[in-house]
Each structure stands twice: as structure tokens, then as C-alpha cells.
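Enquirer: Sharing target-v9.cif below, mmCIF, C-alpha atoms:
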```cif
data_coords
#
loop_
_atom_site.label_atom_id
_atom_site.label_comp_id
_atom_site.auth_asym_id
_atom_site.auth_seq_id
_atom_site.Cartn_x
_atom_site.Cartn_y
_atom_site.Cartn_z
CA MET A 1396 39.92 -56.47 36.59
CA THR A 1397 36.73 -54.94 37.80
CA ASP A 1398 35.29 -51.92 35.98
CA ASN A 1399 34.38 -49.39 38.66
CA THR A 1400 32.98 -46.85 36.16
CA ALA A 1401 29.41 -46.00 37.02
CA ALA A 1402 26.89 -46.92 34.36
CA ARG A 1403 25.39 -43.87 32.63
CA PRO A 1404 21.73 -43.73 31.61
CA ALA A 1405 21.04 -44.37 27.97
CA GLY A 1406 18.85 -41.29 27.64
CA ARG A 1407 20.23 -37.81 26.93
CA ARG A 1408 20.22 -35.21 29.70
CA ARG A 1409 17.54 -32.53 29.29
CA ASP A 1410 20.10 -29.74 29.19
CA ALA A 1411 22.39 -31.46 26.72
CA VAL A 1412 22.90 -29.63 23.43
CA ALA A 1413 23.39 -31.58 20.23
CA ARG A 1414 25.72 -30.29 17.54
CA PRO A 1415 24.20 -29.59 14.12
CA ALA A 1416 26.20 -32.39 12.59
CA GLU A 1417 25.13 -34.80 15.34
CA ARG A 1418 21.42 -34.02 15.22
CA ARG A 1419 19.38 -36.57 13.26
CA ARG A 1420 16.82 -34.72 11.19
CA ASP A 1421 14.57 -37.57 10.31
CA THR A 1422 11.31 -36.20 11.62
CA GLU A 1423 10.26 -35.14 8.13
CA PRO A 1424 11.01 -36.62 4.74
CA GLY A 1425 14.24 -35.42 3.20
CA GLY A 1426 15.80 -34.45 6.54
CA ARG A 1427 13.78 -31.25 6.91
CA VAL A 1428 14.38 -29.41 10.17
CA THR A 1429 11.18 -29.23 12.20
CA LEU A 1430 9.96 -26.82 14.83
CA GLN A 1431 10.46 -29.59 17.39
CA ASP A 1432 14.15 -29.62 16.45
CA VAL A 1433 14.27 -25.88 17.13
CA ALA A 1434 12.53 -26.31 20.48
CA ASP A 1435 14.96 -29.08 21.49
CA ARG A 1436 17.99 -27.03 20.50
CA ALA A 1437 16.74 -23.96 22.38
CA GLY A 1438 15.66 -25.98 25.41
CA VAL A 1439 12.09 -24.69 25.32
CA SER A 1440 8.67 -26.19 24.81
CA LEU A 1441 7.23 -26.64 21.34
CA SER A 1442 4.50 -24.08 22.07
CA THR A 1443 7.07 -21.47 23.11
CA ALA A 1444 9.09 -22.04 19.95
CA SER A 1445 5.92 -21.73 17.90
CA ARG A 1446 4.98 -18.42 19.52
CA VAL A 1447 8.44 -16.99 18.85
CA VAL A 1448 8.66 -18.15 15.23
CA SER A 1449 5.13 -17.08 14.33
CA GLU A 1450 5.33 -13.84 16.34
CA GLY A 1451 2.02 -14.68 17.96
CA PRO A 1452 0.07 -12.37 20.27
CA ARG A 1453 1.23 -14.07 23.50
CA ARG A 1454 4.37 -12.47 24.90
CA VAL A 1455 7.57 -14.45 25.35
CA GLY A 1456 10.59 -13.39 27.44
CA SER A 1457 13.50 -11.79 25.62
CA GLN A 1458 15.95 -14.53 26.71
CA LEU A 1459 13.71 -17.26 25.32
CA ILE A 1460 13.25 -15.30 22.09
CA SER A 1461 17.02 -15.00 21.74
CA ARG A 1462 17.53 -18.75 22.33
CA VAL A 1463 14.86 -19.74 19.83
CA ASN A 1464 16.17 -17.34 17.17
CA GLN A 1465 19.69 -18.66 17.67
CA ALA A 1466 18.43 -22.21 17.25
CA VAL A 1467 16.57 -21.20 14.08
CA ALA A 1468 19.77 -19.72 12.64
CA GLU A 1469 21.98 -22.68 13.63
CA LEU A 1470 19.63 -25.32 12.25
CA GLY A 1471 18.57 -23.36 9.16
CA TYR A 1472 14.92 -23.80 10.06
CA SER A 1473 12.18 -22.48 7.78
CA ALA A 1474 8.51 -22.69 8.63
CA ASN A 1475 6.32 -25.18 6.80
CA LEU A 1476 3.78 -22.62 5.63
CA GLN A 1477 1.54 -25.20 4.00
CA ALA A 1478 1.25 -27.16 7.23
CA ARG A 1479 0.61 -23.96 9.16
CA ALA A 1480 -2.17 -23.00 6.75
CA VAL A 1481 -3.82 -26.40 7.26
CA ALA A 1482 -3.53 -26.09 11.03
CA THR A 1483 -4.78 -22.50 11.34
CA GLY A 1484 -7.12 -22.35 8.35
CA GLN A 1485 -5.18 -19.43 6.84
CA SER A 1486 -1.83 -18.89 5.17
CA ASN A 1487 0.32 -15.76 5.23
CA MET A 1488 -0.67 -15.04 1.62
CA VAL A 1489 -2.44 -11.90 0.41
CA GLY A 1490 -3.82 -12.16 -3.12
CA VAL A 1491 -3.85 -9.06 -5.32
CA VAL A 1492 -5.31 -9.03 -8.82
CA VAL A 1493 -5.00 -6.08 -11.22
CA HIS A 1494 -6.21 -5.59 -14.77
CA ASP A 1495 -2.87 -4.66 -16.37
CA ILE A 1496 0.41 -4.85 -14.45
CA ALA A 1497 2.16 -2.95 -17.25
CA ASP A 1498 0.00 0.11 -16.51
CA PRO A 1499 1.74 2.34 -13.91
CA TYR A 1500 -1.68 3.01 -12.39
CA PHE A 1501 -1.86 -0.58 -11.18
CA SER A 1502 1.82 -1.07 -10.39
CA SER A 1503 1.82 2.05 -8.20
CA ILE A 1504 -1.18 0.78 -6.25
CA ALA A 1505 0.45 -2.65 -5.89
CA ALA A 1506 3.61 -1.02 -4.53
CA GLY A 1507 1.55 0.65 -1.81
CA LEU A 1508 -0.05 -2.68 -0.91
CA ILE A 1509 3.31 -4.39 -0.62
CA ASP A 1510 4.69 -1.60 1.57
CA VAL A 1511 2.04 -2.47 4.17
CA ALA A 1512 2.16 -6.26 3.82
CA TYR A 1513 5.94 -6.75 3.82
CA PRO A 1514 6.64 -5.55 7.40
CA GLN A 1515 3.98 -8.03 8.58
CA ARG A 1516 5.87 -10.90 6.92
CA LEU A 1517 3.04 -11.54 4.49
CA LEU A 1518 3.46 -12.91 1.00
CA VAL A 1519 1.77 -10.83 -1.70
CA CYS A 1520 0.69 -12.98 -4.64
CA LEU A 1521 0.14 -10.59 -7.57
CA SER A 1522 -1.77 -11.56 -10.69
CA SER A 1523 -2.87 -9.64 -13.77
CA THR A 1524 -6.00 -10.37 -15.76
CA ALA A 1525 -7.70 -8.38 -18.48
CA ALA A 1526 -10.83 -10.52 -18.20
CA ALA A 1527 -12.38 -8.27 -15.53
CA GLU A 1528 -14.94 -10.10 -13.36
CA ALA A 1529 -14.48 -13.50 -15.02
CA GLY A 1530 -10.73 -13.55 -14.44
CA GLU A 1531 -11.11 -12.10 -10.96
CA ARG A 1532 -13.60 -14.79 -10.03
CA GLU A 1533 -11.13 -17.52 -10.98
CA TYR A 1534 -8.39 -15.79 -9.00
CA VAL A 1535 -10.52 -15.49 -5.86
CA ALA A 1536 -11.35 -19.19 -6.14
CA LEU A 1537 -7.64 -19.99 -6.38
CA MET A 1538 -6.87 -17.87 -3.31
CA HIS A 1539 -9.70 -19.65 -1.48
CA SER A 1540 -8.12 -23.03 -2.22
CA GLN A 1541 -4.74 -21.69 -1.04
CA ARG A 1542 -6.29 -20.49 2.23
CA ALA A 1543 -5.15 -16.92 1.54
CA ARG A 1544 -5.59 -14.48 4.39
CA ALA A 1545 -7.02 -11.75 2.17
CA VAL A 1546 -7.78 -10.79 -1.43
CA ILE A 1547 -7.69 -7.29 -2.93
CA LEU A 1548 -9.20 -6.57 -6.35
CA VAL A 1549 -7.84 -3.52 -8.15
CA GLY A 1550 -9.68 -2.22 -11.18
CA SER A 1551 -12.92 -0.99 -12.62
CA ARG A 1552 -16.17 -2.92 -12.72
CA THR A 1553 -18.01 -3.48 -16.00
CA GLU A 1554 -21.65 -3.47 -17.05
CA GLY A 1555 -21.84 -7.29 -17.22
CA GLN A 1556 -24.34 -8.17 -14.49
CA ALA A 1557 -24.00 -11.95 -14.80
CA ALA A 1558 -20.21 -11.82 -14.43
CA LEU A 1559 -20.56 -9.39 -11.51
CA ALA A 1560 -22.98 -11.74 -9.73
CA GLY A 1561 -20.56 -14.65 -10.19
CA LEU A 1562 -17.71 -12.64 -8.70
CA ARG A 1563 -19.84 -11.58 -5.73
CA ALA A 1564 -20.74 -15.21 -5.04
CA GLU A 1565 -17.09 -16.30 -5.13
CA ILE A 1566 -16.09 -13.49 -2.79
CA ALA A 1567 -18.90 -14.49 -0.41
CA ALA A 1568 -17.55 -18.04 -0.32
CA PHE A 1569 -14.04 -16.75 0.38
CA THR A 1570 -15.08 -14.41 3.20
CA GLY A 1571 -17.45 -17.05 4.59
CA ALA A 1572 -14.41 -19.29 5.09
CA GLY A 1573 -12.66 -16.59 7.13
CA GLY A 1574 -10.86 -14.60 4.43
CA ARG A 1575 -10.99 -10.82 4.09
CA ALA A 1576 -11.62 -8.96 0.85
CA ALA A 1577 -11.42 -5.39 -0.43
CA CYS A 1578 -11.47 -3.65 -3.78
CA ILE A 1579 -10.25 -0.43 -5.35
CA GLY A 1580 -12.91 0.78 -7.77
CA GLN A 1581 -16.69 0.99 -7.75
CA ASP A 1582 -18.71 -0.03 -4.68
CA LEU A 1583 -20.51 -2.96 -6.29
CA LEU A 1584 -19.10 -6.07 -4.57
CA GLY A 1585 -20.41 -5.69 -1.04
CA ILE A 1586 -16.90 -5.54 0.48
CA ASP A 1587 -14.58 -2.84 1.82
CA THR A 1588 -13.98 -0.42 -1.04
CA ILE A 1589 -11.49 2.32 -1.86
CA GLN A 1590 -13.52 4.43 -4.29
CA PRO A 1591 -11.77 7.02 -6.49
CA GLU A 1592 -14.07 9.96 -7.22
CA ASN A 1593 -13.68 9.66 -10.97
CA ALA A 1594 -16.69 11.69 -12.08
CA ALA A 1595 -16.01 14.57 -9.70
CA GLY A 1596 -12.34 14.74 -10.67
CA ALA A 1597 -13.12 14.75 -14.39
CA GLU A 1598 -15.81 17.40 -13.90
CA ALA A 1599 -13.33 19.68 -12.11
CA LEU A 1600 -10.84 19.16 -14.95
CA GLY A 1601 -13.44 20.08 -17.58
CA ARG A 1602 -14.25 23.32 -15.78
CA ALA A 1603 -10.56 24.19 -15.43
CA LEU A 1604 -9.82 23.63 -19.13
CA VAL A 1605 -12.67 25.93 -20.17
CA VAL A 1606 -11.31 28.59 -17.84
CA GLN A 1607 -7.95 28.21 -19.61
CA GLY A 1608 -9.68 29.14 -22.85
CA HIS A 1609 -10.37 25.80 -24.58
CA ARG A 1610 -13.66 25.50 -26.44
CA ARG A 1611 -13.50 22.63 -28.95
CA PHE A 1612 -12.93 19.31 -27.17
CA ALA A 1613 -12.41 15.69 -28.10
CA VAL A 1614 -12.42 12.77 -25.67
CA LEU A 1615 -10.47 9.51 -25.82
CA ALA A 1616 -13.14 7.70 -23.87
CA GLY A 1617 -11.58 4.31 -23.06
CA PRO A 1618 -13.30 0.94 -23.48
CA PRO A 1619 -17.11 0.96 -23.74
CA GLY A 1620 -18.74 -0.81 -20.82
CA VAL A 1621 -15.96 -0.05 -18.31
CA LEU A 1622 -17.45 2.00 -15.50
CA THR A 1623 -14.34 4.02 -14.70
CA ALA A 1624 -14.17 5.24 -18.31
CA ARG A 1625 -17.90 5.98 -18.32
CA ASP A 1626 -17.75 7.91 -15.04
CA ARG A 1627 -14.82 10.03 -16.20
CA LEU A 1628 -16.49 10.80 -19.52
CA THR A 1629 -19.77 11.71 -17.82
CA GLY A 1630 -18.04 13.92 -15.29
CA PHE A 1631 -15.96 15.68 -17.92
CA LEU A 1632 -18.97 16.45 -20.09
CA GLY A 1633 -20.74 17.76 -17.00
CA GLY A 1634 -17.85 20.10 -16.24
CA LEU A 1635 -17.95 21.50 -19.78
CA ALA A 1636 -21.74 21.87 -19.65
CA ALA A 1637 -21.38 24.08 -16.58
CA TRP A 1638 -19.79 26.61 -18.98
CA SER A 1639 -22.30 25.86 -21.79
CA VAL A 1640 -19.63 24.02 -23.78
CA GLY A 1641 -20.53 20.81 -25.59
CA VAL A 1642 -18.66 18.06 -27.45
CA ASP A 1643 -19.47 16.79 -30.92
CA PRO A 1644 -20.42 13.09 -30.40
CA ARG A 1645 -18.14 12.16 -33.33
CA LEU A 1646 -15.20 13.42 -31.26
CA ILE A 1647 -15.86 10.96 -28.43
CA VAL A 1648 -13.76 7.98 -29.50
CA HIS A 1649 -13.51 4.75 -27.53
CA GLY A 1650 -10.36 2.65 -27.34
CA ALA A 1651 -8.29 0.38 -25.13
CA PHE A 1652 -6.97 1.66 -21.78
CA THR A 1653 -3.42 1.45 -23.19
CA ARG A 1654 -0.79 3.55 -24.90
CA ASP A 1655 -1.66 1.97 -28.25
CA GLY A 1656 -5.36 2.54 -27.58
CA GLY A 1657 -4.67 6.25 -27.14
CA TYR A 1658 -2.51 6.36 -30.28
CA GLU A 1659 -5.23 4.72 -32.39
CA ALA A 1660 -8.05 6.85 -30.97
CA MET A 1661 -6.04 10.01 -31.65
CA SER A 1662 -5.47 8.81 -35.22
CA THR A 1663 -9.23 8.47 -35.65
CA ILE A 1664 -9.80 12.05 -34.52
CA LEU A 1665 -7.06 13.44 -36.80
CA ALA A 1666 -8.59 11.64 -39.78
CA MET A 1667 -11.95 13.37 -39.33
CA SER A 1668 -13.00 16.23 -41.55
CA GLY A 1669 -13.86 19.63 -40.17
CA PRO A 1670 -12.20 21.82 -37.53
CA ARG A 1671 -9.84 20.04 -35.20
CA PRO A 1672 -10.35 20.20 -31.46
CA ASP A 1673 -8.20 22.64 -29.51
CA CYS A 1674 -7.99 20.24 -26.53
CA VAL A 1675 -8.16 16.45 -26.12
CA PHE A 1676 -9.03 14.73 -22.85
CA ALA A 1677 -7.89 11.12 -22.45
CA VAL A 1678 -9.66 9.30 -19.62
CA ASN A 1679 -6.36 7.93 -18.35
CA ASP A 1680 -2.75 9.04 -18.59
CA VAL A 1681 -1.55 5.99 -20.50
CA MET A 1682 -3.93 6.79 -23.35
CA ALA A 1683 -2.79 10.41 -23.20
CA VAL A 1684 0.83 9.34 -23.65
CA GLY A 1685 -0.18 7.40 -26.78
CA ALA A 1686 -2.12 10.41 -28.07
CA LEU A 1687 0.91 12.64 -27.51
CA ALA A 1688 3.05 10.27 -29.58
CA ARG A 1689 0.51 10.39 -32.41
CA LEU A 1690 0.37 14.21 -32.36
CA ARG A 1691 4.16 14.39 -32.54
CA ALA A 1692 4.20 11.96 -35.47
CA GLU A 1693 1.78 14.28 -37.28
CA GLY A 1694 3.90 17.34 -36.49
CA ILE A 1695 1.18 18.89 -34.33
CA ALA A 1696 2.48 21.04 -31.48
CA VAL A 1697 1.26 20.46 -27.93
CA PRO A 1698 -0.08 22.75 -26.58
CA GLY A 1699 0.45 25.27 -29.41
CA ASP A 1700 -1.96 23.53 -31.80
CA ILE A 1701 -3.85 21.13 -29.55
CA GLY A 1702 -3.95 20.89 -25.76
CA LEU A 1703 -3.85 17.47 -24.09
CA ALA A 1704 -4.96 16.27 -20.65
CA GLY A 1705 -5.17 12.91 -18.88
CA PHE A 1706 -6.27 11.38 -15.58
CA ASP A 1707 -4.39 9.55 -12.72
CA ASP A 1708 -0.99 11.34 -12.58
CA ILE A 1709 1.05 8.16 -13.05
CA SER A 1710 4.74 8.26 -12.09
CA THR A 1711 6.02 8.01 -15.68
CA LEU A 1712 4.61 11.48 -16.43
CA ARG A 1713 7.81 12.87 -14.92
CA ASP A 1714 9.55 12.00 -18.18
CA VAL A 1715 6.83 13.26 -20.54
CA TYR A 1716 7.27 16.54 -22.39
CA PRO A 1717 5.45 18.79 -22.29
CA PRO A 1718 4.36 17.99 -18.72
CA LEU A 1719 0.82 16.62 -18.83
CA THR A 1720 -2.22 18.28 -17.30
CA THR A 1721 -4.09 15.60 -15.36
CA VAL A 1722 -6.16 14.67 -12.32
CA ARG A 1723 -3.96 13.33 -9.55
CA LEU A 1724 -5.01 10.28 -7.55
CA PRO A 1725 -2.83 9.16 -4.58
CA LEU A 1726 -2.19 5.75 -6.12
CA ALA A 1727 0.30 4.29 -3.62
CA ALA A 1728 -1.78 5.61 -0.73
CA MET A 1729 -4.86 3.89 -2.17
CA GLY A 1730 -2.98 0.59 -2.10
CA GLU A 1731 -1.91 1.20 1.48
CA MET A 1732 -5.49 1.99 2.49
CA ALA A 1733 -6.83 -1.22 0.95
CA ALA A 1734 -4.14 -3.33 2.63
CA ARG A 1735 -4.87 -1.84 6.04
CA LEU A 1736 -8.57 -2.56 5.65
CA VAL A 1737 -8.08 -6.28 5.06
CA LEU A 1738 -5.19 -6.74 7.50
CA ALA A 1739 -6.81 -5.03 10.48
CA ASP A 1740 -7.35 -7.22 13.54
CA THR A 1741 -11.08 -6.51 13.66
CA SER A 1742 -13.68 -7.00 10.98
CA PRO A 1743 -16.48 -4.41 10.64
CA GLU A 1744 -20.13 -5.36 10.75
CA ARG A 1745 -20.74 -3.59 7.43
CA PRO A 1746 -18.42 -3.00 4.47
CA ARG A 1747 -16.65 0.35 4.53
CA VAL A 1748 -16.46 2.69 1.53
CA LEU A 1749 -13.62 5.22 1.57
CA PRO A 1750 -13.92 7.89 -1.16
CA VAL A 1751 -10.68 9.24 -2.64
CA PRO A 1752 -10.95 12.67 -4.31
CA GLY A 1753 -8.83 13.65 -7.30
CA GLU A 1754 -6.83 16.86 -7.61
CA VAL A 1755 -6.65 18.82 -10.88
CA VAL A 1756 -3.01 19.50 -11.81
CA LEU A 1757 -2.61 22.04 -14.64
CA ARG A 1758 0.67 21.70 -16.50
CA GLU A 1759 2.18 22.88 -19.78
CA SER A 1760 0.28 20.45 -22.06
CA THR A 1761 -2.78 22.74 -21.97
CA ASN A 1762 -2.90 26.40 -22.90
CA ARG A 1763 -2.99 28.86 -20.07
CA ARG A 1764 -4.83 31.78 -21.52
CA PRO A 1765 -7.87 33.57 -20.10
CA PRO A 1766 -11.25 32.78 -21.63
CA SER A 1767 -12.57 35.16 -24.26
CA ARG A 1768 -15.44 37.43 -23.28
#
```
Kindly transcribe the structure held in the file into C-alpha cells.

Expert:
Amino acid sequence: MTDNTAARPAGRRRDAVARPAERRRDTEPGGRVTLQDVADRAGVSLSTASRVVSEGPRRVGSQLISRVNQAVAELGYSANLQARAVATGQSNMVGVVVHDIADPYFSSIAAGLIDVAYPQRLLVCLSSTAAAEAGEREYVALMHSQRARAVILVGSRTEGQAALAGLRAEIAAFTGAGGRAACIGQDLLGIDTIQPENAAGAEALGRALVVQGHRRFAVLAGPPGVLTARDRLTGFLGGLAAWSVGVDPRLIVHGAFTRDGGYEAMSTILAMSGPRPDCVFAVNDVMAVGALARLRAEGIAVPGDIGLAGFDDISTLRDVYPPLTTVRLPLAAMGEMAARLVLADTSPERPRVLPVPGEVVLRESTNRRPPSR
């Protein structure tokens, strides 16, 4: 018998659609689905599939977008971000380094950063280092090697000029390779900066506490050499001096920027001889919470015996009793501002410095009585 069946070409028709089980995924080791697989399934070019998956600036028709997205879902495709970083020179990573992730000051700022980065499908890589400029320098170098899109440094500068110069050099190398950088703190790095007005906020608080009737003050002054602590101490003393009120230098006690640091510094003040202060200012709220715990352990009433104030207005103050007088900084908004600076499409010719004022918030932890004549 003669076979009259017409011979079919060996190649597959362009509009043929392969089933997931029939598709050979051998274009990458381990059977990884590639973008070419997605393009073949959707019946589009590789460049079109790439524009859809990466949400690039060039517009693609809605029907093609739907076909590509359906192919992505059917094949279980996930982008090879490492390969994309090599090809484009940048990854979708944003590096964020803070000084203490356990401190609500830093976690609130980080939350604001993430709120901006997440809708843009960016990966926030968060790290915590207490080593200030030395640890930050190592982190920026790591982000440089990972081709991160941007780096944001959150925290105070210190008085160490050599470490500061090393950090500036590492940032310059990162930005020179196309990365963007910003910081939240002092304007000392030559990059976009969100700058809390620490001295002005503390000065306003000092004035307000004198108006309430306080006259004998102590200060839990934070770590020596940290510029945020120094600025807040200087501002606070300036606010008191405006009312001709001074502070005994013995009652300015340095300690860690932590709850335990506040507890220990308060213990030092209580152990001193002579009249006790009628109000204590802690240069951040976390230290103030530790001081409050120490006063309670001693049976000292707040504010009946000693008033207490802090700085930052961290979220955990909602559960502190009595409610703490403080200087409010818009922490989450500061994180959002920093993220928008580094993720903007255009880069400014000169670094921008955005000052953030603090707002004095008087609560029940300080006495509210008029000053004596």
C-alpha cells in the first residue's frame, strides 16, 4: 500500500503552544525556566517579555502584557536577579544600615523606608551595626559588590575624623559606580541628607520645662562623642540659659543610647549627695524609659517627686505611664523622605539637605505648674 499522508515539517509551527509538561526546560542548569521560555509560551519576542516582566519604561499593549503574565504564571517563572544585575549594572536591592534595630527610633524609620520601596518591587536589605562609621563603611562596600541600587545610612555621626573620611571614600566609590546614597543624621557625608533639628528641638524643650516651673535639672546625656547626643545636650542647656537656669556639671551623666544606659545613668544621679533634681532630661526616649524604671524601683514618684522628659516620641511611649514629655520627630516620614531621594529618576547636581524640625509635646511626666515669680 502507498502512504498518501503528506509529510509534515519537522519544525514546530510558530503559533503552536507547548504544554508545561511537554516543554523541555534545559536552557539553564537544574531545569530553571528562562525568560525565553516565557516569550515562547506567550508568542512574543524576548525583548517584549523582558519589558513586561521588568516593568520597564517602554509601553507594551495590554493584550501582550496579559499573555506574558499568563505565561509567567503557567511556567512558574522567576527572574534571575543576579543575571539582571550583571547585565544592567544594578540590582533591585536597597541597602539600609541602622545603629540599633532594637531601638524603635530606627525601626520606625526603617518602616517608612520599606513603605516606599515595596510598591516599586525593591528588596530592602536591612543591617544593624553599633560600630558607627567603621561598620557603615563595610556595609557600603558590601552593597557596592552586590550592585545595590541605593544605600541609606540611618544614625548619628561621631567625632572620629579618620573613620568619617573612610566612610566618605567608600560612599564616593559606590556613587561613582552608579549607586545612590542618602543619610538620616548630620550633613557630613556629602550626600543627600535628612537632618533632624536636634539642637533646636532640645532648646525648645528646655524653655518649656522652665515655664512649667522646673529649676533643678539633670541630663542623661548619651554616649560621649556621638553628635546627636552632643547637639541635644547643647540645645537643652541653651534653652535653660535663656531663662538664666543652669545645670550642675555633676548632673550631666553620659551613658549608652539604650534602656539599660538610661537606668544606669539615673542610678548614678540618685547616688549623688545633695539636693535631687526636680526634672531629668534624657537625650532619647529609650534612655528615658530606663530612667523611669529606675525611679519606680526607688519609689520615686513621676512627676510628683521628679519630672522626666525624653526626645524622639517613639511609638512604644503609648504604653508608658505616666505619658512621657518629649520632642516629636516624624520618624516614619523621615524614612519615606530618604527613600524618595535615592529612588527618584533624576540625580541632583548637588546633595540636598532637608531639615526636619522637632515638636515639643508636654505630657504628664513633667509638672504643669506656673513658674514662681

Enquirer: Residues near A:Ala1560, anyone? I mean within 12 Å using only C-alpha atoms, not counting same-chain ones fewer than 3 positions away, as a PyMOL selection string.

Expert: chain A and resi 1528-1529+1531-1532+1552-1557+1563-1567+1583-1585

Enquirer: Give me, please, the distance in Å between atom CA of A:Val1737 and atom CA of A:Ala1577, quoted to one decimal.

Expert: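 Answer for the atom CA of A:Val1737 to atom CA of A:Ala1577 separation: 6.5 Å.
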
Enquirer: Spell out the residues picked by the PyMOL selection byres ((chain A and resi 1570) around 12) here, as a PyMOL selection string.

Expert: chain A and resi 1485+1535-1536+1538-1539+1542-1547+1563-1569+1571-1577+1585-1587+1737+1742+1746

Enquirer: When you look at A:Ala1434 with a cut-off of 8 Å (counting all atoms listed in the file), what residues show up, excluding the ones that are within fewer than 4 positions of it in the same chain? I need them as a list in words.

Expert: Leu1430, Gly1438, Val1439, Ser1440, Leu1441, Thr1443, Ala1444, Val1463 and Ala1466 of chain A

Enquirer: Here is a test: counting only C-alpha atoms, which residue of A:Phe1652, A:Tyr1513, A:Trp1638, A:Tyr1500 is nearest to A:Leu1604?

Expert: A:Trp1638

Enquirer: Which distance in Å separates atom CA of A:Glu1754 and atom CA of A:Val1492, to one decimal?

Expert: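 For atom CA of A:Glu1754 relative to atom CA of A:Val1492, the distance reads 26.0 Å.
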
Enquirer: Using the chain letters and numbers from this file, what does the PyMOL selection byres ((chain A and resi 1677) around 6) select? Give the answer as a list in words.

Expert: Val1614, Leu1615, Phe1676, Val1678, Asn1679, Met1682, Ala1683 and Gly1705 of chain A

Enquirer: Pick the closest to A:Asp1673 from A:Ala1651, A:Ala1613, A:Ala1525, A:Ala1468: which is it, counting all atoms listed in the file?

Expert: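 Going through A:Ala1651, A:Ala1613, A:Ala1525, A:Ala1468 one by one, the smallest distance to A:Asp1673 is for A:Ala1613.
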
Enquirer: Rounded to one decimal place, report the atom CA of A:Leu1724-atom CA of A:Val1751 distance in Å.

Expert: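 Answer for the atom CA of A:Leu1724 to atom CA of A:Val1751 separation: 7.6 Å.
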
Enquirer: Can you list, as a PDB file with C-alpha atoms, in the coordinates of the input, the residues that the PyMOL selection byres ((chain A and resi 1753) around 9) selects here?

Expert:
```pdb
ATOM      1  CA  PRO A1591     -11.770   7.020  -6.490  1.00  0.00           C
ATOM      2  CA  GLU A1592     -14.070   9.960  -7.220  1.00  0.00           C
ATOM      3  CA  ASN A1593     -13.680   9.660 -10.970  1.00  0.00           C
ATOM      4  CA  ALA A1595     -16.010  14.570  -9.700  1.00  0.00           C
ATOM      5  CA  GLY A1596     -12.340  14.740 -10.670  1.00  0.00           C
ATOM      6  CA  ALA A1597     -13.120  14.750 -14.390  1.00  0.00           C
ATOM      7  CA  ALA A1599     -13.330  19.680 -12.110  1.00  0.00           C
ATOM      8  CA  PHE A1706      -6.270  11.380 -15.580  1.00  0.00           C
ATOM      9  CA  ASP A1707      -4.390   9.550 -12.720  1.00  0.00           C
ATOM     10  CA  VAL A1722      -6.160  14.670 -12.320  1.00  0.00           C
ATOM     11  CA  ARG A1723      -3.960  13.330  -9.550  1.00  0.00           C
ATOM     12  CA  LEU A1724      -5.010  10.280  -7.550  1.00  0.00           C
ATOM     13  CA  PRO A1725      -2.830   9.160  -4.580  1.00  0.00           C
ATOM     14  CA  VAL A1751     -10.680   9.240  -2.640  1.00  0.00           C
ATOM     15  CA  PRO A1752     -10.950  12.670  -4.310  1.00  0.00           C
ATOM     16  CA  GLU A1754      -6.830  16.860  -7.610  1.00  0.00           C
ATOM     17  CA  VAL A1755      -6.650  18.820 -10.880  1.00  0.00           C
TER      18      VAL A1755
END
```

Enquirer: Within 7 Å of A:Thr1524, counting all atoms listed in the file, which residues qualify if same-chain residues fewer than 5 places away don't, as a PyMOL selection string?

Expert: chain A and resi 1493-1495+1530

Enquirer: Restricting the calculation to all atoms listed in the file: of A:Ala1733, A:Leu1757, A:Val1433, A:Val1697, which residue gets closest to A:Leu1459?

Expert: A:Val1433

Enquirer: Looking at A:Ala1660, A:Val1489, A:Leu1665, A:Val1756, which one is nearest to A:Val1511, with distances taken over only C-alpha atoms?

Expert: A:Val1489

Enquirer: Can you pull out the residues contacting A:Gly1656? Cut-off 9 Å, using all atoms listed in the file, and skip same-chain residues under 5 positions away; I want them as a short mmCIF file (atom, residue, chain, number, x, y, z; two decimals) with C-alpha atoms, keeping the file's coordinate frame.

Expert:
```cif
data_model
loop_
_atom_site.label_atom_id
_atom_site.label_comp_id
_atom_site.auth_asym_id
_atom_site.auth_seq_id
_atom_site.Cartn_x
_atom_site.Cartn_y
_atom_site.Cartn_z
CA LEU A 1615 -10.47 9.51 -25.82
CA GLY A 1617 -11.58 4.31 -23.06
CA HIS A 1649 -13.51 4.75 -27.53
CA GLY A 1650 -10.36 2.65 -27.34
CA ALA A 1651 -8.29 0.38 -25.13
CA MET A 1661 -6.04 10.01 -31.65
CA VAL A 1681 -1.55 5.99 -20.50
CA MET A 1682 -3.93 6.79 -23.35
CA GLY A 1685 -0.18 7.40 -26.78
CA ALA A 1686 -2.12 10.41 -28.07
#
```

Enquirer: Between A:Gly1456, A:Gly1601, A:Gly1657, A:Pro1670, which one has atoms that come closest to A:Val1640, using only C-alpha atoms?

Expert: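 Once distances to A:Val1640 are computed over only C-alpha atoms, the minimum belongs to A:Gly1601.
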
Enquirer: Considering all atoms listed in the file, return as a PyMOL selection string whatever protein or nucleic-acid residues lie within 12 Å of A:Arg1671, sequence-local ones (same chain, fewer than 5 positions apart) excluded.

Expert: chain A and resi 1610-1613+1642-1643+1645-1646+1661+1663-1666+1695+1700-1702
